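The next block is my_file-v8.cif, given as mmCIF, C-alpha atoms.
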```cif
data_start
loop_
_atom_site.label_atom_id
_atom_site.label_comp_id
_atom_site.auth_asym_id
_atom_site.auth_seq_id
_atom_site.Cartn_x
_atom_site.Cartn_y
_atom_site.Cartn_z
CA MET A 982 -246.34 152.15 137.47
CA LYS A 983 -244.14 149.52 135.84
CA MET A 984 -240.44 150.35 135.93
CA GLU A 985 -238.65 150.48 132.59
CA VAL A 986 -236.08 147.70 132.16
CA TYR A 987 -232.52 149.00 132.34
CA LYS A 988 -230.44 147.32 129.65
CA LEU A 989 -226.78 147.81 128.82
CA PRO A 990 -226.52 151.03 126.76
CA GLU A 991 -224.81 151.13 123.39
CA LEU A 992 -221.04 151.10 123.81
CA ASN A 993 -219.17 153.80 121.91
CA LEU A 994 -215.52 152.84 121.53
CA THR A 995 -214.73 155.22 118.67
CA ARG A 996 -212.45 157.25 120.95
CA ALA A 997 -210.76 154.20 122.43
CA ASP A 998 -207.36 153.77 120.77
CA THR A 999 -205.99 150.88 122.81
CA VAL A 1000 -207.22 147.57 124.16
CA GLY A 1001 -206.86 148.98 127.67
CA ASP A 1002 -209.10 151.95 126.84
CA ALA A 1003 -211.80 149.62 125.51
CA ALA A 1004 -211.55 147.20 128.43
CA GLN A 1005 -211.96 149.97 131.00
CA GLN A 1006 -215.04 151.34 129.24
CA ILE A 1007 -216.64 147.92 128.72
CA PHE A 1008 -216.12 146.85 132.33
CA LYS A 1009 -217.39 150.22 133.57
CA GLU A 1010 -220.63 149.86 131.60
CA CYS A 1011 -221.04 146.21 132.67
CA ALA A 1012 -220.61 147.21 136.32
CA ALA A 1013 -223.14 150.06 136.05
CA HIS A 1014 -225.68 147.75 134.41
CA LEU A 1015 -225.30 145.16 137.18
CA HIS A 1016 -225.36 147.73 139.98
CA ILE A 1017 -228.51 149.50 138.78
CA ASN A 1018 -230.45 146.26 138.30
CA PHE A 1019 -229.27 144.84 141.63
CA GLU A 1020 -230.45 147.97 143.44
CA ARG A 1021 -233.80 147.82 141.68
CA PHE A 1022 -234.28 144.18 142.57
CA HIS A 1023 -233.19 144.79 146.15
CA GLU A 1024 -235.81 147.53 146.52
CA THR A 1025 -238.75 146.11 144.54
CA GLN A 1026 -238.00 142.42 143.76
CA ASP A 1027 -238.61 143.33 140.12
CA GLU A 1028 -238.33 140.17 138.01
CA ALA A 1029 -237.25 142.03 134.88
CA SER A 1030 -234.28 143.43 136.81
CA LEU A 1031 -233.52 139.92 138.00
CA MET A 1032 -233.20 138.69 134.43
CA GLN A 1033 -231.04 141.70 133.55
CA ILE A 1034 -228.71 140.70 136.39
CA ARG A 1035 -228.40 137.26 134.82
CA ILE A 1036 -227.64 138.75 131.41
CA GLY A 1037 -225.20 141.23 132.94
CA MET A 1038 -223.25 138.54 134.78
CA ARG A 1039 -222.97 136.45 131.63
CA ARG A 1040 -221.86 139.50 129.64
CA THR A 1041 -219.25 140.37 132.27
CA ARG A 1042 -217.88 136.83 132.22
CA VAL A 1043 -217.50 137.02 128.44
CA ALA A 1044 -215.69 140.37 128.77
CA MET A 1045 -213.33 138.87 131.35
CA GLN A 1046 -212.51 136.03 128.97
CA ILE A 1047 -211.85 138.48 126.12
CA PHE A 1048 -209.55 140.66 128.24
CA ARG A 1049 -208.23 137.81 130.37
CA PRO A 1050 -204.55 138.95 130.38
CA LEU A 1051 -205.65 142.31 131.86
CA VAL A 1052 -207.60 140.83 134.78
CA ALA A 1053 -205.90 140.03 138.09
CA PRO A 1054 -205.91 136.20 138.40
CA GLU A 1055 -207.70 136.11 141.76
CA THR A 1056 -210.37 138.55 140.52
CA LEU A 1057 -210.87 136.46 137.38
CA LYS A 1058 -211.21 133.21 139.33
CA ARG A 1059 -213.51 134.59 142.04
CA THR A 1060 -215.78 136.65 139.78
CA ILE A 1061 -216.32 133.93 137.18
CA ARG A 1062 -217.00 131.35 139.90
CA GLU A 1063 -219.51 133.55 141.74
CA PHE A 1064 -221.25 134.88 138.63
CA ARG A 1065 -221.54 131.36 137.23
CA TYR A 1066 -223.15 130.23 140.50
CA PHE A 1067 -225.75 133.00 140.45
CA GLY A 1068 -226.25 132.58 136.71
CA SER A 1069 -227.21 128.96 137.26
CA LEU A 1070 -229.78 129.93 139.90
CA LEU A 1071 -231.30 132.58 137.66
CA GLY A 1072 -231.27 130.18 134.73
CA ASP A 1073 -233.56 127.80 136.62
CA ALA A 1074 -236.02 130.63 137.26
CA ARG A 1075 -235.91 131.67 133.61
CA ASP A 1076 -236.63 128.07 132.55
CA MET A 1077 -239.72 128.00 134.78
CA ASP A 1078 -241.00 131.28 133.34
CA VAL A 1079 -240.53 130.01 129.78
CA PHE A 1080 -242.18 126.71 130.70
CA LEU A 1081 -245.27 128.43 132.12
CA SER A 1082 -245.63 130.75 129.15
CA GLY A 1083 -244.84 128.06 126.56
CA MET A 1084 -245.21 124.32 127.02
CA LEU A 1085 -247.54 124.71 130.02
CA ASP A 1086 -249.33 127.89 129.02
CA GLU A 1087 -252.90 128.72 130.04
CA THR A 1088 -254.55 126.75 127.22
CA CYS A 1089 -255.41 123.16 128.10
CA PRO A 1090 -254.73 120.88 125.08
CA GLN A 1091 -257.59 118.46 125.83
CA GLU A 1092 -261.25 119.09 126.57
CA LYS A 1093 -262.66 117.81 129.87
CA MET A 1094 -259.18 117.73 131.41
CA GLU A 1095 -259.08 121.39 132.45
CA ALA A 1096 -259.10 120.51 136.15
CA ASP A 1097 -256.11 118.18 135.76
CA TYR A 1098 -254.27 120.80 133.71
CA ALA A 1099 -254.99 123.50 136.31
CA HIS A 1100 -253.73 121.11 139.01
CA LEU A 1101 -250.46 120.66 137.12
CA ARG A 1102 -250.05 124.40 136.59
CA TYR A 1103 -250.72 125.01 140.28
CA TYR A 1104 -247.76 122.83 141.24
CA ALA A 1105 -245.64 124.40 138.54
CA TYR A 1106 -246.27 127.84 140.06
CA LEU A 1107 -245.37 126.51 143.50
CA MET A 1108 -242.09 125.24 142.07
CA ARG A 1109 -241.45 128.59 140.39
CA ASP A 1110 -242.20 130.53 143.57
CA ASP A 1111 -239.81 128.32 145.56
CA GLU A 1112 -237.01 129.03 143.08
CA TYR A 1113 -237.62 132.78 143.17
CA GLN A 1114 -237.58 132.70 146.96
CA VAL A 1115 -234.19 130.97 146.94
CA ILE A 1116 -232.86 133.52 144.45
CA GLU A 1117 -234.07 136.44 146.54
CA GLN A 1118 -232.44 135.01 149.66
CA GLU A 1119 -229.17 134.34 147.84
CA LEU A 1120 -228.99 137.72 146.11
CA THR A 1121 -229.89 139.77 149.17
CA GLY A 1122 -227.89 137.66 151.62
CA GLY A 1123 -224.62 139.44 150.88
CA ARG A 1124 -222.80 136.93 148.71
CA PHE A 1125 -223.55 138.65 145.41
CA GLU A 1126 -222.83 142.08 146.85
CA LYS A 1127 -219.47 140.88 148.13
CA ALA A 1128 -218.53 139.40 144.75
CA PHE A 1129 -219.57 142.60 142.98
CA LYS A 1130 -217.58 144.80 145.40
CA ASN A 1131 -214.47 142.69 144.82
CA PHE A 1132 -214.96 143.06 141.08
CA GLU A 1133 -215.42 146.84 141.44
CA LYS A 1134 -212.33 147.14 143.63
CA TRP A 1135 -210.26 145.54 140.90
CA ARG A 1136 -211.93 147.56 138.13
CA GLN A 1137 -211.11 150.87 139.79
CA SER A 1138 -207.56 149.87 140.73
CA ASP A 1139 -204.34 150.58 138.85
CA TRP A 1140 -204.28 147.56 136.54
CA LYS A 1141 -200.59 147.94 135.80
CA LYS A 1142 -199.74 146.82 139.33
CA HIS A 1143 -201.25 143.38 138.63
CA LEU A 1144 -200.04 142.80 135.06
CA GLY A 1145 -197.29 140.61 133.73
CA ARG A 1146 -195.38 141.22 130.53
CA SER A 1147 -198.12 139.92 128.21
CA GLY A 1148 -200.77 141.98 130.02
CA MET A 1149 -198.73 145.16 129.79
CA LYS A 1150 -198.20 144.56 126.08
CA LEU A 1151 -201.90 143.99 125.46
CA LEU A 1152 -202.93 147.03 127.52
CA ASP A 1153 -201.31 149.42 125.05
CA SER A 1154 -202.02 147.42 121.89
CA PRO A 1155 -204.15 149.02 119.15
CA LEU A 1156 -207.82 148.22 119.55
CA LYS A 1157 -209.06 147.48 116.02
CA PRO A 1158 -206.75 144.54 115.19
CA PHE A 1159 -207.59 143.09 118.60
CA ALA A 1160 -211.34 143.43 117.98
CA LEU A 1161 -211.03 141.67 114.62
CA GLU A 1162 -209.07 138.85 116.24
CA VAL A 1163 -211.65 138.40 119.03
CA ILE A 1164 -214.57 138.30 116.57
CA GLU A 1165 -212.85 135.84 114.23
CA HIS A 1166 -211.65 133.58 117.04
CA GLY A 1167 -215.19 133.41 118.41
CA ARG A 1168 -216.59 132.70 114.95
CA MET A 1169 -214.22 129.80 114.36
CA ASN A 1170 -214.97 128.31 117.77
CA LEU A 1171 -218.70 128.47 117.06
CA LEU A 1172 -218.33 126.89 113.62
CA HIS A 1173 -216.31 124.07 115.17
CA LYS A 1174 -218.77 123.47 118.00
CA GLY A 1175 -221.82 123.74 115.74
CA ALA A 1176 -220.66 121.28 113.10
CA PHE A 1177 -222.58 117.98 112.79
CA ILE A 1178 -225.35 119.37 114.98
CA GLU A 1179 -227.58 116.36 114.33
CA GLU A 1180 -225.09 114.17 116.24
CA ARG A 1181 -225.02 116.37 119.35
CA SER A 1182 -226.88 115.64 122.56
CA THR A 1183 -229.35 118.22 123.84
CA GLU A 1184 -226.84 119.16 126.54
CA GLU A 1185 -224.19 119.73 123.88
CA LEU A 1186 -226.66 121.83 121.89
CA HIS A 1187 -227.08 124.03 124.96
CA LYS A 1188 -223.31 124.53 125.04
CA VAL A 1189 -223.31 125.43 121.34
CA ARG A 1190 -225.93 128.08 122.12
CA LYS A 1191 -223.54 129.59 124.67
CA TYR A 1192 -220.96 129.99 121.89
CA VAL A 1193 -223.61 131.75 119.79
CA LYS A 1194 -224.30 134.16 122.65
CA ARG A 1195 -220.58 134.73 123.08
CA CYS A 1196 -220.26 135.74 119.42
CA ARG A 1197 -223.19 138.14 119.83
CA TYR A 1198 -221.45 139.76 122.79
CA HIS A 1199 -218.25 140.10 120.75
CA LEU A 1200 -220.16 142.05 118.10
CA ARG A 1201 -222.02 143.98 120.82
CA PHE A 1202 -218.85 145.10 122.57
CA PHE A 1203 -217.19 146.29 119.36
CA SER A 1204 -220.33 147.38 117.48
CA SER A 1205 -219.31 151.06 117.29
CA LEU A 1206 -216.22 150.04 115.28
CA ILE A 1207 -218.11 148.07 112.61
CA GLN A 1208 -220.02 149.28 109.56
CA PRO A 1209 -223.78 149.06 110.32
CA GLU A 1210 -224.60 146.77 107.38
CA LYS A 1211 -221.91 144.29 108.32
CA LEU A 1212 -222.90 144.46 111.99
CA ASN A 1213 -226.59 143.82 111.23
CA GLU A 1214 -225.68 140.93 108.96
CA GLY A 1215 -223.87 139.27 111.85
CA TYR A 1216 -226.65 139.98 114.32
CA ASP A 1217 -229.28 138.54 111.98
CA VAL A 1218 -227.60 135.17 111.62
CA LEU A 1219 -226.57 134.90 115.28
CA VAL A 1220 -230.02 135.84 116.58
CA ALA A 1221 -231.55 133.22 114.29
CA MET A 1222 -229.14 130.54 115.54
CA GLN A 1223 -229.71 131.52 119.17
CA ASP A 1224 -233.49 131.42 118.76
CA THR A 1225 -233.54 127.98 117.13
CA LEU A 1226 -231.26 126.39 119.71
CA GLY A 1227 -233.14 128.24 122.44
CA HIS A 1228 -236.36 126.60 121.31
CA VAL A 1229 -234.76 123.14 121.40
CA ASN A 1230 -233.38 123.81 124.88
CA ASP A 1231 -236.74 125.10 126.10
CA MET A 1232 -238.37 121.86 124.95
CA LYS A 1233 -235.71 119.80 126.71
CA GLU A 1234 -236.04 121.78 129.93
CA GLY A 1235 -239.82 121.61 129.70
CA MET A 1236 -239.68 117.81 129.50
CA GLN A 1237 -237.47 117.69 132.57
CA ILE A 1238 -239.74 120.04 134.52
CA LEU A 1239 -242.80 117.99 133.58
CA SER A 1240 -241.16 114.82 134.87
CA ARG A 1241 -240.36 116.55 138.18
CA LEU A 1242 -243.92 117.82 138.53
CA ILE A 1243 -245.36 114.33 138.14
CA ALA A 1244 -243.78 113.43 141.47
CA ASP A 1245 -245.78 116.17 143.22
CA VAL A 1246 -249.27 115.99 141.73
CA ASN A 1247 -252.10 114.09 143.40
CA ALA A 1248 -252.52 110.47 142.25
CA GLU A 1249 -256.08 111.01 141.00
CA HIS A 1250 -254.77 113.41 138.33
CA VAL A 1251 -251.77 111.37 137.14
CA SER A 1252 -253.54 109.37 134.40
CA ASN A 1253 -255.01 112.44 132.69
CA ILE A 1254 -251.84 114.45 133.17
CA LEU A 1255 -249.86 111.73 131.39
CA GLN A 1256 -252.28 112.04 128.48
CA LEU A 1257 -251.83 115.81 128.48
CA MET A 1258 -248.06 115.39 128.56
CA SER A 1259 -248.19 113.08 125.55
CA VAL A 1260 -249.96 115.82 123.57
CA LYS A 1261 -247.34 118.38 124.63
CA ILE A 1262 -244.49 116.03 123.73
CA SER A 1263 -246.01 115.31 120.33
CA GLU A 1264 -246.33 119.04 119.64
CA ALA A 1265 -242.72 119.59 120.63
CA SER A 1266 -241.22 116.86 118.44
CA GLY A 1267 -242.00 118.45 115.09
CA SER A 1268 -240.91 121.93 116.14
CA VAL A 1269 -237.57 120.62 117.41
CA ALA A 1270 -236.80 118.98 114.07
CA ASP A 1271 -237.71 122.18 112.22
CA ASN A 1272 -235.53 124.31 114.47
CA LEU A 1273 -232.51 122.03 114.10
CA HIS A 1274 -232.87 122.26 110.32
CA GLU A 1275 -233.10 126.06 110.55
CA PHE A 1276 -229.98 126.17 112.72
CA GLN A 1277 -228.01 124.25 110.10
CA LYS A 1278 -229.03 126.75 107.41
CA ASN A 1279 -227.87 129.67 109.52
CA TRP A 1280 -224.68 127.88 110.55
CA HIS A 1281 -223.77 127.70 106.85
CA ARG A 1282 -224.57 131.39 106.51
CA TYR A 1283 -222.16 132.09 109.35
CA GLU A 1284 -219.43 130.18 107.52
CA ASP A 1285 -219.49 132.97 104.96
CA TYR A 1286 -219.62 135.82 107.49
CA THR A 1287 -216.37 137.58 108.34
CA VAL A 1288 -215.50 141.00 109.70
CA ALA A 1289 -212.38 142.33 108.01
CA GLU A 1290 -210.44 145.58 108.27
CA LYS A 1291 -212.47 147.02 105.35
CA ASP A 1292 -215.65 146.54 107.44
CA LEU A 1293 -214.44 148.79 110.25
CA ILE A 1294 -215.34 152.44 110.66
#
```
Let me see the file written as structure tokens.
Amino acid sequence: MKMEVYKLPELNLTRADTVGDAAQQIFKECAAHLHINFERFHETQDEASLMQIRIGMRRTRVAMQIFRPLVAPETLKRTIREFRYFGSLLGDARDMDVFLSGMLDETCPQEKMEADYAHLRYYAYLMRDDEYQVIEQELTGGRFEKAFKNFEKWRQSDWKKHLGRSGMKLLDSPLKPFALEVIEHGRMNLLHKGAFIEERSTEELHKVRKYVKRCRYHLRFFSSLIQPEKLNEGYDVLVAMQDTLGHVNDMKEGMQILSRLIADVNAEHVSNILQLMSVKISEASGSVADNLHEFQKNWHRYEDYTVAEKDLI
């Protein structure tokens, strides 16, 4: 029986009056989400839980940036460093999964080259399995558990013992003005980073996508404070931007994976595989252009999107 994926539950901050109240609840839910999925992966090596761990670490890092003045400096430094390390490992595995279900899916693009295509997919699965093996060793080897325990120790501590003057002031500040400031600050950063998208490198586009995700998390954290129509409006445009840039990044990563695979395949297949790759690259080129155009349309929509005091519940 397939285990149901455990995702972060809806956060209800309607009873949180201060920034400190909200931070404690958000970090508690983030920790529970990570813990449950880590235990599931540890017991069953469930790949869905593995991807939830990746999402949970990224979400926790965003929360730590939002509430930075409330986090003990050593906890902030250690947790972000360790979660970024594991996030990178899990990102490589995610790229391989997307590659095998997308650019190198089961359908061979050329007749009479099925054997060459199967040969390429065989080596792609070997590469994927190697990456999952490394992840399993790293996650179950104690390093992640140690980082998580350090994070939990801080989360359950008396924060006031670690705070300076600015942290103490923020701890007791009213939540709603803070939420509006976080959302608007993230929006302006994204608009700045996403301007002149046609002049960005593919690596820069990937960074822009991270800002899109960050804005989604901002809305996600404070969703219970925002009118549903306004919230859904923001989600719609951010999801569209994330999807378009995600497609561009998937094509870029797919090209890089293909070039790595060429070094492993048997020489007798190389000529046909190069022909197959040319078909895949040609298919990708038009879709990339379309997605960049779609991103620009949604970027302009986001210029007009703001969450103001009147939009709060």
Notebook entry, point to check: Exactly which residues make up the result of the PyMOL selection byres ((chain A and resi 1066) around 12) on this file, given as a list in words?
Noted result: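 When the PyMOL selection byres ((chain A and resi 1066) around 12) is applied to the shown file, the picked residues are Arg1035, Met1038, Arg1039, Arg1042, Arg1059, Thr1060, Ile1061, Arg1062, Glu1063, Phe1064, Arg1065, Phe1067, Gly1068, Ser1069, Leu1070, Leu1071, Gly1072, Asp1073, Ile1116, Glu1119, Leu1120, Arg1124, Phe1125 and Ala1128 of chain A.
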Note to self: Would you pick out the contacts of Lys1009 in chain A at 12 Å or less, using only C-alpha atoms, so that residues sharing its chain but fewer than 5 positions from it are not included, and give the list as a count of residues only?
What the structure shows: 18
Next item on the list: Could you give me, as a PyMOL selection string, the residues within 10 Å of Asp1245 in chain A, counting all atoms listed in the file and dropping anything in the same chain fewer than 6 positions from it?
Entry: chain A and resi 1101+1104-1105+1108+1251
Next item on the list: Go through A:Tyr1198, A:Tyr1103, A:Phe1022, A:Phe1159 and flag the residue nearest Val1043 in chain A, using all atoms listed in the file for the distances.
Entry: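 Of A:Tyr1198, A:Tyr1103, A:Phe1022, A:Phe1159, the one nearest Val1043 in chain A is A:Tyr1198, counting all atoms listed in the file.
The residue set within 8 Å of Arg1190 in chain A, counting all atoms listed in the file and dropping same-chain residues fewer than 5 places from it, reads Met1222, Gln1223, Leu1226 and Gly1227 of chain A.
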Export C-alpha atoms of the chosen residues as a short mmCIF file (atom, residue, chain, number, x, y, z; two decimals), keeping the file's coordinate frame?
```
data_model
loop_
_atom_site.label_atom_id
_atom_site.label_comp_id
_atom_site.auth_asym_id
_atom_site.auth_seq_id
_atom_site.Cartn_x
_atom_site.Cartn_y
_atom_site.Cartn_z
CA MET A 1222 -229.14 130.54 115.54
CA GLN A 1223 -229.71 131.52 119.17
CA LEU A 1226 -231.26 126.39 119.71
CA GLY A 1227 -233.14 128.24 122.44
#
```
Give me the residues within 10 Å of Ala1074 in chain A as a PDB file with C-alpha atoms, in the frame of the given file, counting only C-alpha atoms and dropping any in the same chain fewer than 5 places off.
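Listed below is the output, around27.pdb:
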```
ATOM      1  CA  GLU A1028    -238.330 140.170 138.010  1.00  0.00           C
ATOM      2  CA  LEU A1031    -233.520 139.920 138.000  1.00  0.00           C
ATOM      3  CA  MET A1032    -233.200 138.690 134.430  1.00  0.00           C
ATOM      4  CA  GLY A1068    -226.250 132.580 136.710  1.00  0.00           C
ATOM      5  CA  SER A1069    -227.210 128.960 137.260  1.00  0.00           C
ATOM      6  CA  VAL A1079    -240.530 130.010 129.780  1.00  0.00           C
ATOM      7  CA  PHE A1080    -242.180 126.710 130.700  1.00  0.00           C
ATOM      8  CA  MET A1108    -242.090 125.240 142.070  1.00  0.00           C
ATOM      9  CA  ARG A1109    -241.450 128.590 140.390  1.00  0.00           C
ATOM     10  CA  ASP A1110    -242.200 130.530 143.570  1.00  0.00           C
ATOM     11  CA  ASP A1111    -239.810 128.320 145.560  1.00  0.00           C
ATOM     12  CA  GLU A1112    -237.010 129.030 143.080  1.00  0.00           C
ATOM     13  CA  TYR A1113    -237.620 132.780 143.170  1.00  0.00           C
ATOM     14  CA  VAL A1115    -234.190 130.970 146.940  1.00  0.00           C
ATOM     15  CA  ILE A1116    -232.860 133.520 144.450  1.00  0.00           C
TER      16      ILE A1116
END
```
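Nearest-residue note for Ser1259 in chain A: choosing from A:Asp998, A:Gln1091, A:Val1220, A:His1199, the minimum distance belongs to A:Gln1091, counting all atoms listed in the file.
Each of A:Ser1263, A:Gln1006, A:Thr1287, A:Gln1118 was compared to Cys1196 in chain A using all atoms listed in the file, and A:Thr1287 turns out to be the nearest.
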Notebook entry, point to check: Using all atoms listed in the file, which residues sit within 12 Å of Lys1261 in chain A once same-chain residues fewer than 4 positions away are excluded, as a ChimeraX atom specification?
Noted result: /A:1080,1083-1086,1088-1091,1098,1232-1233,1235-1236,1239,1254-1257,1265-1268
Store the residues picked out above in a file with C-alpha atoms, as a JSON list (two decimals), in the coordinates of the input.
```
[["chain", "number", "residue", "atom", "x", "y", "z"],
["A", 1080, "PHE", "CA", -242.18, 126.71, 130.70],
["A", 1083, "GLY", "CA", -244.84, 128.06, 126.56],
["A", 1084, "MET", "CA", -245.21, 124.32, 127.02],
["A", 1085, "LEU", "CA", -247.54, 124.71, 130.02],
["A", 1086, "ASP", "CA", -249.33, 127.89, 129.02],
["A", 1088, "THR", "CA", -254.55, 126.75, 127.22],
["A", 1089, "CYS", "CA", -255.41, 123.16, 128.10],
["A", 1090, "PRO", "CA", -254.73, 120.88, 125.08],
["A", 1091, "GLN", "CA", -257.59, 118.46, 125.83],
["A", 1098, "TYR", "CA", -254.27, 120.80, 133.71],
["A", 1232, "MET", "CA", -238.37, 121.86, 124.95],
["A", 1233, "LYS", "CA", -235.71, 119.80, 126.71],
["A", 1235, "GLY", "CA", -239.82, 121.61, 129.70],
["A", 1236, "MET", "CA", -239.68, 117.81, 129.50],
["A", 1239, "LEU", "CA", -242.80, 117.99, 133.58],
["A", 1254, "ILE", "CA", -251.84, 114.45, 133.17],
["A", 1255, "LEU", "CA", -249.86, 111.73, 131.39],
["A", 1256, "GLN", "CA", -252.28, 112.04, 128.48],
["A", 1257, "LEU", "CA", -251.83, 115.81, 128.48],
["A", 1265, "ALA", "CA", -242.72, 119.59, 120.63],
["A", 1266, "SER", "CA", -241.22, 116.86, 118.44],
["A", 1267, "GLY", "CA", -242.00, 118.45, 115.09],
["A", 1268, "SER", "CA", -240.91, 121.93, 116.14]]
```
Limit the output to C-alpha atoms and give range 1135-1188 of chain A as an mmCIF file, in the first residue's frame.
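And here's decode36.cif as it stands now:
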```cif
data_model
loop_
_atom_site.group_PDB
_atom_site.id
_atom_site.type_symbol
_atom_site.label_atom_id
_atom_site.label_comp_id
_atom_site.auth_asym_id
_atom_site.auth_seq_id
_atom_site.Cartn_x
_atom_site.Cartn_y
_atom_site.Cartn_z
ATOM 1 C CA TRP A 1135 17.090 26.141 19.545
ATOM 2 C CA ARG A 1136 13.392 26.080 18.590
ATOM 3 C CA GLN A 1137 12.348 24.743 21.988
ATOM 4 C CA SER A 1138 14.663 27.038 23.951
ATOM 5 C CA ASP A 1139 13.855 30.367 25.568
ATOM 6 C CA TRP A 1140 14.523 32.679 22.623
ATOM 7 C CA LYS A 1141 14.817 35.738 24.823
ATOM 8 C CA LYS A 1142 18.127 34.476 26.183
ATOM 9 C CA HIS A 1143 19.685 34.754 22.712
ATOM 10 C CA LEU A 1144 18.136 38.015 21.501
ATOM 11 C CA GLY A 1145 19.602 41.465 21.193
ATOM 12 C CA ARG A 1146 17.641 44.689 21.353
ATOM 13 C CA SER A 1147 16.294 44.474 17.786
ATOM 14 C CA GLY A 1148 15.260 40.843 18.287
ATOM 15 C CA MET A 1149 13.421 41.609 21.514
ATOM 16 C CA LYS A 1150 11.600 44.468 19.812
ATOM 17 C CA LEU A 1151 10.562 42.299 16.873
ATOM 18 C CA LEU A 1152 9.449 39.428 19.119
ATOM 19 C CA ASP A 1153 6.619 41.486 20.584
ATOM 20 C CA SER A 1154 5.791 43.487 17.445
ATOM 21 C CA PRO A 1155 2.280 43.186 15.957
ATOM 22 C CA LEU A 1156 2.073 40.468 13.338
ATOM 23 C CA LYS A 1157 -0.030 41.953 10.538
ATOM 24 C CA PRO A 1158 2.173 44.973 9.686
ATOM 25 C CA PHE A 1159 5.169 42.637 9.742
ATOM 26 C CA ALA A 1160 3.464 40.181 7.360
ATOM 27 C CA LEU A 1161 2.631 42.979 4.924
ATOM 28 C CA GLU A 1162 6.235 44.185 5.025
ATOM 29 C CA VAL A 1163 7.624 40.680 4.365
ATOM 30 C CA ILE A 1164 5.285 40.096 1.410
ATOM 31 C CA GLU A 1165 6.002 43.490 -0.158
ATOM 32 C CA HIS A 1166 9.757 43.241 0.360
ATOM 33 C CA GLY A 1167 9.763 39.842 -1.340
ATOM 34 C CA ARG A 1168 7.629 41.165 -4.192
ATOM 35 C CA MET A 1169 9.978 44.070 -4.871
ATOM 36 C CA ASN A 1170 13.023 41.805 -4.797
ATOM 37 C CA LEU A 1171 11.405 39.464 -7.310
ATOM 38 C CA LEU A 1172 10.408 42.310 -9.628
ATOM 39 C CA HIS A 1173 13.978 43.602 -9.523
ATOM 40 C CA LYS A 1174 15.536 40.201 -10.179
ATOM 41 C CA GLY A 1175 13.024 39.298 -12.890
ATOM 42 C CA ALA A 1176 13.389 42.464 -14.944
ATOM 43 C CA PHE A 1177 14.989 42.157 -18.411
ATOM 44 C CA ILE A 1178 14.639 38.388 -18.253
ATOM 45 C CA GLU A 1179 15.726 37.981 -21.869
ATOM 46 C CA GLU A 1180 19.209 39.223 -20.913
ATOM 47 C CA ARG A 1181 19.683 36.738 -18.063
ATOM 48 C CA SER A 1182 21.750 33.577 -18.267
ATOM 49 C CA THR A 1183 20.053 30.260 -17.551
ATOM 50 C CA GLU A 1184 21.831 30.160 -14.193
ATOM 51 C CA GLU A 1185 20.459 33.605 -13.361
ATOM 52 C CA LEU A 1186 16.989 32.452 -14.404
ATOM 53 C CA HIS A 1187 17.294 29.628 -11.885
ATOM 54 C CA LYS A 1188 18.052 32.204 -9.184
#
```
